[in-house]
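What follows is the content of structure_21.cif, which has mmCIF, C-alpha atoms and all ligand atoms:
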```cif
data_coords
loop_
_atom_site.group_PDB
_atom_site.id
_atom_site.type_symbol
_atom_site.label_atom_id
_atom_site.label_comp_id
_atom_site.auth_asym_id
_atom_site.auth_seq_id
_atom_site.Cartn_x
_atom_site.Cartn_y
_atom_site.Cartn_z
ATOM 1 C CA MET A 12 262.547 38.145 -176.353
ATOM 2 C CA LEU A 13 264.655 37.828 -179.491
ATOM 3 C CA LYS A 14 263.009 35.641 -182.117
ATOM 4 C CA PRO A 15 264.694 32.234 -182.460
ATOM 5 C CA VAL A 16 266.196 30.747 -185.630
ATOM 6 C CA VAL A 17 265.124 27.202 -186.548
ATOM 7 C CA ILE A 18 267.831 24.992 -188.097
ATOM 8 C CA LYS A 19 266.953 21.702 -189.789
ATOM 9 C CA VAL A 20 269.725 19.150 -190.297
ATOM 10 C CA GLY A 21 268.995 16.540 -192.972
ATOM 11 C CA THR A 22 270.117 12.917 -192.890
ATOM 12 C CA SER A 23 272.147 13.641 -196.011
ATOM 13 C CA VAL A 24 274.371 16.007 -194.002
ATOM 14 C CA LEU A 25 275.001 13.548 -191.170
ATOM 15 C CA GLU A 26 275.609 10.430 -193.268
ATOM 16 C CA LEU A 27 279.021 8.868 -193.870
ATOM 17 C CA ASN A 28 279.510 5.298 -195.149
ATOM 18 C CA GLY A 29 275.991 4.363 -194.090
ATOM 19 C CA GLY A 30 276.442 5.600 -190.524
ATOM 20 C CA LEU A 31 276.628 8.804 -188.486
ATOM 21 C CA ASN A 32 279.299 11.348 -189.421
ATOM 22 C CA VAL A 33 280.238 12.551 -185.947
ATOM 23 C CA GLU A 34 282.699 15.088 -187.379
ATOM 24 C CA ALA A 35 279.908 16.745 -189.392
ATOM 25 C CA LEU A 36 277.664 16.817 -186.318
ATOM 26 C CA ARG A 37 280.453 18.451 -184.259
ATOM 27 C CA ARG A 38 281.134 21.045 -186.949
ATOM 28 C CA ILE A 39 277.444 21.987 -187.051
ATOM 29 C CA ALA A 40 277.361 22.230 -183.250
ATOM 30 C CA ARG A 41 280.481 24.417 -183.350
ATOM 31 C CA GLU A 42 279.073 26.783 -185.982
ATOM 32 C CA ILE A 43 275.819 27.129 -184.041
ATOM 33 C CA SER A 44 277.623 27.609 -180.706
ATOM 34 C CA GLU A 45 279.990 30.258 -182.046
ATOM 35 C CA SER A 46 277.163 32.206 -183.681
ATOM 36 C CA THR A 47 274.971 31.886 -180.614
ATOM 37 C CA MET A 48 277.681 33.356 -178.442
ATOM 38 C CA SER A 49 278.954 36.098 -180.752
ATOM 39 C CA GLN A 50 275.535 37.359 -181.878
ATOM 40 C CA SER A 51 273.350 36.297 -178.963
ATOM 41 C CA ILE A 52 270.922 34.504 -181.259
ATOM 42 C CA ARG A 53 268.786 31.676 -179.972
ATOM 43 C CA THR A 54 268.367 28.537 -182.012
ATOM 44 C CA VAL A 55 266.107 25.505 -182.189
ATOM 45 C CA LEU A 56 267.530 22.416 -183.879
ATOM 46 C CA VAL A 57 265.396 19.931 -185.804
ATOM 47 C CA THR A 58 267.562 16.947 -186.588
ATOM 48 C CA SER A 59 267.261 13.697 -188.486
ATOM 49 C CA GLY A 60 269.874 10.963 -188.167
ATOM 50 C CA ALA A 61 268.425 8.617 -185.525
ATOM 51 C CA ILE A 62 268.122 5.729 -187.978
ATOM 52 C CA LEU A 63 271.656 6.245 -189.312
ATOM 53 C CA THR A 64 272.997 6.220 -185.777
ATOM 54 C CA GLY A 65 270.999 3.106 -184.922
ATOM 55 C CA LEU A 66 272.259 1.286 -188.027
ATOM 56 C CA ASP A 67 275.818 1.960 -186.875
ATOM 57 C CA ALA A 68 275.149 0.770 -183.346
ATOM 58 C CA LEU A 69 273.398 -2.405 -184.433
ATOM 59 C CA GLY A 70 275.978 -3.148 -187.130
ATOM 60 C CA ILE A 71 273.276 -3.345 -189.803
ATOM 61 C CA ARG A 72 274.728 -2.825 -193.276
ATOM 62 C CA LYS A 73 271.540 -1.667 -194.998
ATOM 63 C CA LYS A 74 270.314 1.693 -196.218
ATOM 64 C CA PRO A 75 267.363 3.186 -194.311
ATOM 65 C CA SER A 76 265.268 2.744 -197.468
ATOM 66 C CA GLU A 77 265.904 -1.030 -197.381
ATOM 67 C CA LEU A 78 264.453 -1.449 -193.872
ATOM 68 C CA THR A 79 260.890 -2.512 -193.100
ATOM 69 C CA LEU A 80 258.806 -0.032 -191.124
ATOM 70 C CA ARG A 81 259.295 -2.062 -187.910
ATOM 71 C CA GLU A 82 263.064 -2.254 -188.462
ATOM 72 C CA LYS A 83 263.148 1.515 -189.053
ATOM 73 C CA GLN A 84 261.246 2.186 -185.831
ATOM 74 C CA MET A 85 263.449 -0.175 -183.853
ATOM 75 C CA THR A 86 266.622 1.297 -185.323
ATOM 76 C CA ALA A 87 265.429 4.841 -184.588
ATOM 77 C CA ALA A 88 264.681 3.853 -180.982
ATOM 78 C CA VAL A 89 268.251 2.582 -180.608
ATOM 79 C CA GLY A 90 269.783 5.505 -182.481
ATOM 80 C CA GLN A 91 267.911 8.471 -180.985
ATOM 81 C CA PRO A 92 269.591 8.443 -177.527
ATOM 82 C CA LEU A 93 272.991 7.803 -179.120
ATOM 83 C CA LEU A 94 272.459 10.716 -181.514
ATOM 84 C CA MET A 95 271.520 12.890 -178.535
ATOM 85 C CA LYS A 96 274.618 11.745 -176.687
ATOM 86 C CA GLU A 97 276.711 13.104 -179.571
ATOM 87 C CA TYR A 98 274.821 16.426 -179.529
ATOM 88 C CA ILE A 99 275.091 16.710 -175.730
ATOM 89 C CA GLU A 100 278.856 16.211 -175.975
ATOM 90 C CA ALA A 101 279.329 18.428 -179.022
ATOM 91 C CA PHE A 102 277.371 21.383 -177.603
ATOM 92 C CA GLY A 103 278.766 20.694 -174.121
ATOM 93 C CA GLN A 104 282.253 21.437 -175.499
ATOM 94 C CA HIS A 105 280.997 25.005 -176.005
ATOM 95 C CA GLY A 106 279.175 25.224 -172.686
ATOM 96 C CA ILE A 107 275.731 24.892 -174.241
ATOM 97 C CA ARG A 108 273.121 22.711 -172.594
ATOM 98 C CA VAL A 109 270.612 20.917 -174.817
ATOM 99 C CA ALA A 110 267.189 19.318 -174.376
ATOM 100 C CA GLN A 111 265.323 16.718 -176.411
ATOM 101 C CA ILE A 112 261.715 16.970 -177.580
ATOM 102 C CA LEU A 113 260.213 14.128 -179.623
ATOM 103 C CA VAL A 114 256.897 14.791 -181.322
ATOM 104 C CA THR A 115 254.383 13.005 -183.512
ATOM 105 C CA GLU A 116 251.837 14.418 -185.919
ATOM 106 C CA GLU A 117 249.091 13.431 -183.512
ATOM 107 C CA ASP A 118 250.607 15.620 -180.780
ATOM 108 C CA PHE A 119 250.145 18.628 -183.026
ATOM 109 C CA THR A 120 246.493 17.861 -183.709
ATOM 110 C CA ILE A 121 245.671 18.164 -180.013
ATOM 111 C CA ARG A 122 245.570 21.828 -179.091
ATOM 112 C CA THR A 123 246.709 21.397 -175.488
ATOM 113 C CA SER A 124 249.653 19.203 -176.532
ATOM 114 C CA PHE A 125 250.589 21.668 -179.231
ATOM 115 C CA MET A 126 250.398 24.606 -176.795
ATOM 116 C CA ASN A 127 252.505 22.659 -174.299
ATOM 117 C CA PHE A 128 255.075 22.029 -177.008
ATOM 118 C CA ILE A 129 255.289 25.762 -177.729
ATOM 119 C CA ARG A 130 255.458 26.693 -174.032
ATOM 120 C CA THR A 131 258.146 24.109 -173.260
ATOM 121 C CA THR A 132 260.222 25.188 -176.252
ATOM 122 C CA LYS A 133 259.984 28.844 -175.213
ATOM 123 C CA ALA A 134 260.813 28.011 -171.581
ATOM 124 C CA LEU A 135 263.945 26.140 -172.696
ATOM 125 C CA LEU A 136 265.006 29.041 -174.902
ATOM 126 C CA SER A 137 264.492 31.577 -172.154
ATOM 127 C CA HIS A 138 266.750 29.475 -169.927
ATOM 128 C CA GLY A 139 269.487 29.432 -172.559
ATOM 129 C CA ILE A 140 268.911 25.728 -173.325
ATOM 130 C CA LEU A 141 268.955 24.602 -176.934
ATOM 131 C CA PRO A 142 265.908 22.461 -177.842
ATOM 132 C CA ILE A 143 266.708 19.545 -180.180
ATOM 133 C CA ILE A 144 263.582 18.226 -181.837
ATOM 134 C CA ASN A 145 262.882 15.134 -183.893
ATOM 135 C CA GLU A 146 259.878 13.121 -184.917
ATOM 136 C CA ASN A 147 259.246 10.277 -182.494
ATOM 137 C CA ASP A 148 259.822 7.609 -185.129
ATOM 138 C CA ALA A 149 259.376 4.696 -182.739
ATOM 139 C CA VAL A 150 255.681 5.457 -182.240
ATOM 140 C CA SER A 151 254.930 7.570 -185.270
ATOM 141 C CA VAL A 152 252.051 6.211 -187.337
ATOM 142 C CA ARG A 153 252.883 8.083 -190.504
ATOM 143 C CA GLU A 154 251.485 5.319 -192.704
ATOM 144 C CA LEU A 155 248.195 5.390 -190.782
ATOM 145 C CA VAL A 156 247.695 9.106 -190.996
ATOM 146 C CA ASN A 157 244.925 8.839 -193.575
ATOM 147 C CA VAL A 158 243.031 6.360 -191.434
ATOM 148 C CA PHE A 159 243.090 8.759 -188.500
ATOM 149 C CA ASN A 160 242.156 11.608 -190.821
ATOM 150 C CA VAL A 161 244.856 13.904 -189.502
ATOM 151 C CA SER A 162 244.609 17.378 -190.987
ATOM 152 C CA SER A 163 247.083 17.978 -193.807
ATOM 153 C CA MET A 164 248.210 21.089 -191.879
ATOM 154 C CA VAL A 165 250.073 18.880 -189.429
ATOM 155 C CA ARG A 166 251.380 16.135 -191.675
ATOM 156 C CA PHE A 167 255.098 16.163 -191.135
ATOM 157 C CA GLY A 168 255.963 13.747 -193.942
ATOM 158 C CA ASP A 169 259.520 14.363 -192.907
ATOM 159 C CA ASN A 170 261.518 16.789 -190.803
ATOM 160 C CA ASP A 171 261.381 19.494 -193.504
ATOM 161 C CA ARG A 172 257.717 20.020 -192.848
ATOM 162 C CA LEU A 173 258.101 19.571 -189.096
ATOM 163 C CA SER A 174 260.742 22.331 -189.083
ATOM 164 C CA ALA A 175 258.407 24.646 -191.015
ATOM 165 C CA ILE A 176 255.488 23.997 -188.643
ATOM 166 C CA ILE A 177 257.759 24.667 -185.659
ATOM 167 C CA SER A 178 259.125 27.857 -187.263
ATOM 168 C CA SER A 179 255.626 29.169 -187.712
ATOM 169 C CA SER A 180 254.414 28.115 -184.259
ATOM 170 C CA ILE A 181 257.247 29.804 -182.358
ATOM 171 C CA HIS A 182 257.411 32.812 -184.729
ATOM 172 C CA ALA A 183 260.987 32.121 -185.821
ATOM 173 C CA SER A 184 262.948 34.931 -187.439
ATOM 174 C CA ARG A 185 264.394 32.515 -190.007
ATOM 175 C CA LEU A 186 264.389 28.837 -191.034
ATOM 176 C CA ILE A 187 267.691 27.366 -192.220
ATOM 177 C CA ILE A 188 267.531 23.968 -193.940
ATOM 178 C CA LEU A 189 270.854 22.115 -194.225
ATOM 179 C CA THR A 190 271.175 19.544 -196.988
ATOM 180 C CA ASP A 191 273.859 17.971 -199.226
ATOM 181 C CA VAL A 192 273.447 20.248 -202.270
ATOM 182 C CA ASP A 193 274.166 23.986 -202.584
ATOM 183 C CA GLY A 194 270.480 24.929 -202.608
ATOM 184 C CA ILE A 195 267.627 24.581 -205.094
ATOM 185 C CA LEU A 196 268.856 23.865 -208.602
ATOM 186 C CA ASP A 197 266.907 24.822 -211.721
ATOM 187 C CA ALA A 198 266.238 22.585 -214.756
ATOM 188 C CA GLU A 199 269.772 23.300 -216.005
ATOM 189 C CA ASN A 200 271.247 22.434 -212.603
ATOM 190 C CA ARG A 201 272.129 26.063 -211.861
ATOM 191 C CA LEU A 202 271.790 27.300 -208.306
ATOM 192 C CA ILE A 203 268.762 29.512 -207.712
ATOM 193 C CA LYS A 204 270.124 32.221 -205.437
ATOM 194 C CA GLU A 205 266.818 33.790 -204.544
ATOM 195 C CA ALA A 206 263.194 33.053 -205.272
ATOM 196 C CA ASP A 207 259.671 33.522 -204.052
ATOM 197 C CA CYS A 208 257.106 30.767 -203.816
ATOM 198 C CA VAL A 209 255.258 31.713 -206.979
ATOM 199 C CA ALA A 210 258.470 31.195 -208.977
ATOM 200 C CA LEU A 211 259.265 27.982 -207.106
ATOM 201 C CA GLU A 212 255.855 26.530 -207.809
ATOM 202 C CA LYS A 213 256.417 27.090 -211.532
ATOM 203 C CA LEU A 214 259.841 25.480 -211.229
ATOM 204 C CA THR A 215 258.430 22.462 -209.382
ATOM 205 C CA LYS A 216 255.953 21.904 -212.219
ATOM 206 C CA ARG A 217 258.700 22.184 -214.836
ATOM 207 C CA LEU A 218 261.014 19.851 -212.976
ATOM 208 C CA SER A 219 258.476 17.271 -211.951
ATOM 209 C CA GLY A 220 259.468 14.991 -214.809
ATOM 210 C CA LYS A 221 263.083 14.916 -213.701
ATOM 211 C CA SER A 222 264.318 11.664 -212.262
ATOM 212 C CA ALA A 223 266.129 13.403 -209.418
ATOM 213 C CA TYR A 224 262.712 14.246 -208.052
ATOM 214 C CA GLY A 225 262.202 10.555 -207.380
ATOM 215 C CA ARG A 226 263.951 11.140 -204.071
ATOM 216 C CA GLY A 227 261.341 13.676 -203.166
ATOM 217 C CA GLY A 228 263.950 15.513 -201.128
ATOM 218 C CA ILE A 229 263.861 18.928 -202.705
ATOM 219 C CA ARG A 230 260.136 18.974 -203.353
ATOM 220 C CA SER A 231 259.485 18.502 -199.662
ATOM 221 C CA LYS A 232 261.929 21.333 -198.898
ATOM 222 C CA ILE A 233 260.186 23.671 -201.349
ATOM 223 C CA GLU A 234 256.797 22.848 -199.805
ATOM 224 C CA ALA A 235 258.132 23.360 -196.291
ATOM 225 C CA ALA A 236 259.894 26.588 -197.272
ATOM 226 C CA CYS A 237 256.731 27.966 -198.817
ATOM 227 C CA PHE A 238 254.703 27.050 -195.742
ATOM 228 C CA ALA A 239 257.132 29.109 -193.640
ATOM 229 C CA ALA A 240 257.417 31.912 -196.227
ATOM 230 C CA SER A 241 253.635 32.247 -196.343
ATOM 231 C CA ARG A 242 253.832 33.015 -192.635
ATOM 232 C CA GLY A 243 256.406 35.733 -193.135
ATOM 233 C CA ILE A 244 259.516 33.665 -192.352
ATOM 234 C CA PRO A 245 262.545 33.831 -194.690
ATOM 235 C CA VAL A 246 264.069 30.419 -195.487
ATOM 236 C CA ASN A 247 267.649 29.523 -196.436
ATOM 237 C CA ILE A 248 268.419 26.183 -198.056
ATOM 238 C CA ILE A 249 272.170 25.635 -197.816
ATOM 239 C CA ASN A 250 274.823 22.970 -198.221
ATOM 240 C CA GLY A 251 275.406 21.751 -194.671
ATOM 241 C CA LYS A 252 278.478 19.790 -195.725
ATOM 242 C CA VAL A 253 280.445 22.957 -196.449
ATOM 243 C CA GLU A 254 282.131 24.577 -193.465
ATOM 244 C CA GLY A 255 281.072 28.174 -192.880
ATOM 245 C CA ASN A 256 277.732 28.060 -194.708
ATOM 246 C CA LEU A 257 275.702 27.743 -191.530
ATOM 247 C CA ARG A 258 277.704 30.498 -189.833
ATOM 248 C CA ALA A 259 277.039 32.768 -192.837
ATOM 249 C CA ALA A 260 273.321 31.950 -192.852
ATOM 250 C CA LEU A 261 273.133 32.694 -189.127
ATOM 251 C CA ARG A 262 274.660 36.101 -189.879
ATOM 252 C CA GLY A 263 271.782 36.624 -192.283
ATOM 253 C CA GLU A 264 273.833 36.072 -195.435
ATOM 254 C CA ASN A 265 272.592 34.083 -198.407
ATOM 255 C CA ALA A 266 274.863 31.026 -198.602
ATOM 256 C CA GLY A 267 272.588 28.988 -200.900
ATOM 257 C CA THR A 268 268.987 29.589 -201.909
ATOM 258 C CA LEU A 269 266.975 32.264 -200.147
ATOM 259 C CA ILE A 270 263.208 31.893 -200.268
ATOM 260 C CA ARG A 271 261.775 35.298 -199.627
ATOM 261 C CA PRO A 272 258.873 35.611 -197.190
ATOM 262 C CA MET A 273 255.545 36.664 -198.596
ATOM 263 C CA LYS A 274 254.905 40.326 -197.970
ATOM 264 C CA ALA A 275 251.442 39.978 -196.545
ATOM 265 C CA ALA A 276 252.038 37.064 -194.210
ATOM 266 C CA LEU A 277 248.975 34.967 -193.461
ATOM 267 C CA THR A 278 247.818 35.131 -189.867
ATOM 268 C CA THR A 279 249.975 32.786 -187.859
ATOM 269 C CA LYS A 280 247.163 31.076 -186.021
ATOM 270 C CA THR A 281 247.564 27.556 -187.388
ATOM 271 C CA PHE A 282 244.873 25.787 -185.447
HETATM 272 N N1 LIG B 301 266.117 20.702 -208.284
HETATM 273 C C1 LIG B 301 266.841 20.205 -207.270
HETATM 274 N N2 LIG B 301 267.617 21.034 -206.529
HETATM 275 C C2 LIG B 301 268.315 20.548 -205.486
HETATM 276 N N3 LIG B 301 268.305 19.247 -205.095
HETATM 277 C C3 LIG B 301 267.556 18.376 -205.788
HETATM 278 C C4 LIG B 301 266.778 18.807 -206.893
HETATM 279 N N4 LIG B 301 266.132 17.732 -207.380
HETATM 280 C C5 LIG B 301 266.462 16.687 -206.597
HETATM 281 N N5 LIG B 301 267.319 17.035 -205.636
HETATM 282 C C6 LIG B 301 267.882 16.117 -204.653
HETATM 283 O O1 LIG B 301 267.390 16.398 -203.331
HETATM 284 C C7 LIG B 301 268.377 15.959 -202.417
HETATM 285 C C8 LIG B 301 268.160 16.569 -201.038
HETATM 286 O O2 LIG B 301 267.046 15.975 -200.401
HETATM 287 P P1 LIG B 301 267.196 14.706 -199.413
HETATM 288 O O3 LIG B 301 267.922 13.617 -200.110
HETATM 289 O O4 LIG B 301 265.844 14.403 -198.847
HETATM 290 O O5 LIG B 301 268.185 15.305 -198.284
HETATM 291 P P2 LIG B 301 267.963 15.654 -196.719
HETATM 292 O O6 LIG B 301 268.451 14.443 -195.985
HETATM 293 O O7 LIG B 301 268.881 16.827 -196.529
HETATM 294 O O8 LIG B 301 266.523 15.969 -196.488
HETATM 295 C C9 LIG B 301 269.689 16.365 -203.065
HETATM 296 O O9 LIG B 301 270.755 15.546 -202.662
HETATM 297 C C10 LIG B 301 269.416 16.236 -204.563
HETATM 298 O O10 LIG B 301 269.947 15.027 -205.064
HETATM 299 MG MG MG B 302 264.837 14.593 -196.955
#
```
Represent the structure contained in this file as structure tokens.
Amino acid sequence: MLKPVVIKVGTSVLELNGGLNVEALRRIAREISESTMSQSIRTVLVTSGAILTGLDALGIRKKPSELTLREKQMTAAVGQPLLMKEYIEAFGQHGIRVAQILVTEEDFTIRTSFMNFIRTTKALLSHGILPIINENDAVSVRELVNVFNVSSMVRFGDNDRLSAIISSSIHASRLIILTDVDGILDAENRLIKEADCVALEKLTKRLSGKSAYGRGGIRSKIEAACFAASRGIPVNIINGKVEGNLRAALRGENAGTLIRPMKAALTTKTF
């Protein structure tokens, strides 16, 4: 079976005026659908955006960062099915059927659950169904992770890391991370077209004083990318707001930053 490509869609790509940008979601679905059909690639989508969608539906005019944990979980529970409804419709326009899988860090610490996740994902792919995966925010106990002593190997932190763990577990051919900047920028704000993890680690140290890092967004992407790269998976970080970038990345072109896989990939047995 052809190796699948994992695509991670960040909140930043799906946000418009504090709510869900349905047009952006439809464009992403179109680019994936067209590539899937013309090149017979198989894709797995890891998507954020449940909270944004829930905020819209509930008419709450706050940023996700201004919500309490309980409000976030409640909003995600409202938003997740509505977000899926948009994906079902958007992919349905192109004749592609989708499925939803919600996971927590705890699921991945239990070997049988983790194996079931992999088997279900592969079964969906072999039936031509596109798996759409997100963290199950409504029950996720991210803030309690230390108490439960969950191995750092399976800490999602956010969907960047989840997408990297999934890429490694299903032996993806590539991980494509969509965000709202053109890729990884260096200390002078120039786009880094290509890098390996040794260079990125140096860059992270140099940039750690920069205020932009307060958002933590790119650091988590670099960590996730290097997790995947260490397992032999190339990673593209691209601007998901620009039409055509995803299509190019799915053709194997570098439309942002390419993080090269390490030559001697570590063995892929994670647990
Ligand atoms: N060196 C850097 N290169 C690229 N982006 C950076 C850098 N430092 C900070 N960032 C910020 O990281 C953000 C992307 O991460 P994040 O906000 O978490 O988006 P997403 O929702 O896609 O995960 C960018 O919008 C940018 O402001
Ligand atoms: Mg982020």
Exercise. Would you list the residues that come within 12 Å of ligand MG 302 (chain B)? Count all atoms listed in the file and give the answer as a ChimeraX atom specification.
Key: /A:19-25,58-60,75-76,167-174,188-192,224-235
Please dump the current selection as a PDB file, in the coordinates of the input; keep C-alpha atoms.
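Contents of out.pdb, as written:
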```pdb
ATOM      1  CA  LYS A  19     266.953  21.702-189.789  1.00  0.00           C
ATOM      2  CA  VAL A  20     269.725  19.150-190.297  1.00  0.00           C
ATOM      3  CA  GLY A  21     268.995  16.540-192.972  1.00  0.00           C
ATOM      4  CA  THR A  22     270.117  12.917-192.890  1.00  0.00           C
ATOM      5  CA  SER A  23     272.147  13.641-196.011  1.00  0.00           C
ATOM      6  CA  VAL A  24     274.371  16.007-194.002  1.00  0.00           C
ATOM      7  CA  LEU A  25     275.001  13.548-191.170  1.00  0.00           C
ATOM      8  CA  THR A  58     267.562  16.947-186.588  1.00  0.00           C
ATOM      9  CA  SER A  59     267.261  13.697-188.486  1.00  0.00           C
ATOM     10  CA  GLY A  60     269.874  10.963-188.167  1.00  0.00           C
ATOM     11  CA  PRO A  75     267.363   3.186-194.311  1.00  0.00           C
ATOM     12  CA  SER A  76     265.268   2.744-197.468  1.00  0.00           C
ATOM     13  CA  PHE A 167     255.098  16.163-191.135  1.00  0.00           C
ATOM     14  CA  GLY A 168     255.963  13.747-193.942  1.00  0.00           C
ATOM     15  CA  ASP A 169     259.520  14.363-192.907  1.00  0.00           C
ATOM     16  CA  ASN A 170     261.518  16.789-190.803  1.00  0.00           C
ATOM     17  CA  ASP A 171     261.381  19.494-193.504  1.00  0.00           C
ATOM     18  CA  ARG A 172     257.717  20.020-192.848  1.00  0.00           C
ATOM     19  CA  LEU A 173     258.101  19.571-189.096  1.00  0.00           C
ATOM     20  CA  SER A 174     260.742  22.331-189.083  1.00  0.00           C
ATOM     21  CA  ILE A 188     267.531  23.968-193.940  1.00  0.00           C
ATOM     22  CA  LEU A 189     270.854  22.115-194.225  1.00  0.00           C
ATOM     23  CA  THR A 190     271.175  19.544-196.988  1.00  0.00           C
ATOM     24  CA  ASP A 191     273.859  17.971-199.226  1.00  0.00           C
ATOM     25  CA  VAL A 192     273.447  20.248-202.270  1.00  0.00           C
ATOM     26  CA  TYR A 224     262.712  14.246-208.052  1.00  0.00           C
ATOM     27  CA  GLY A 225     262.202  10.555-207.380  1.00  0.00           C
ATOM     28  CA  ARG A 226     263.951  11.140-204.071  1.00  0.00           C
ATOM     29  CA  GLY A 227     261.341  13.676-203.166  1.00  0.00           C
ATOM     30  CA  GLY A 228     263.950  15.513-201.128  1.00  0.00           C
ATOM     31  CA  ILE A 229     263.861  18.928-202.705  1.00  0.00           C
ATOM     32  CA  ARG A 230     260.136  18.974-203.353  1.00  0.00           C
ATOM     33  CA  SER A 231     259.485  18.502-199.662  1.00  0.00           C
ATOM     34  CA  LYS A 232     261.929  21.333-198.898  1.00  0.00           C
ATOM     35  CA  ILE A 233     260.186  23.671-201.349  1.00  0.00           C
ATOM     36  CA  GLU A 234     256.797  22.848-199.805  1.00  0.00           C
ATOM     37  CA  ALA A 235     258.132  23.360-196.291  1.00  0.00           C
TER      38      ALA A 235
END
```
Exercise. Give me, please, the distance in Å between CA of Leu27 (chain A) and CA of Leu56 (chain A), quoted to one decimal.
Key: 20.4 Å
Practice problem: Determine the nearest neighbour of ligand LIG 301 (chain B) from the options A:Ile112, A:Leu141, A:Ala68, A:Ala198, counting only C-alpha atoms and all ligand atoms. | Solution: A:Ala198
Produce the centre coordinates and the three edge lengths, each in Å to one decimal, of the box along x, y and z that contains all listed atoms of ligand LIG 301 (chain B) with 4 Å added on each side, as AutoDock Vina command-line options.
```
--center_x 268.3 --center_y 17.3 --center_z -202.1 --size_x 12.9 --size_y 15.4 --size_z 20.3
```
Quiz item: Taking the file as shown, what set of residues would the PyMOL selection byres (((chain A and resi 129) around 12) and not hetatm) give back, as a PyMOL selection string?
Solution: chain A and resi 55+112+114+118-119+122-128+130-136+142+144+176-183
Quiz prompt | Shortest interatomic distance to ligand LIG 301 (chain B) - which of A:Ile107, A:Met48, A:Leu211, A:Ala88, counting all atoms listed in the file | solution =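 Between A:Ile107, A:Met48, A:Leu211, A:Ala88, the residue approaching ligand LIG 301 (chain B) most closely is A:Leu211.
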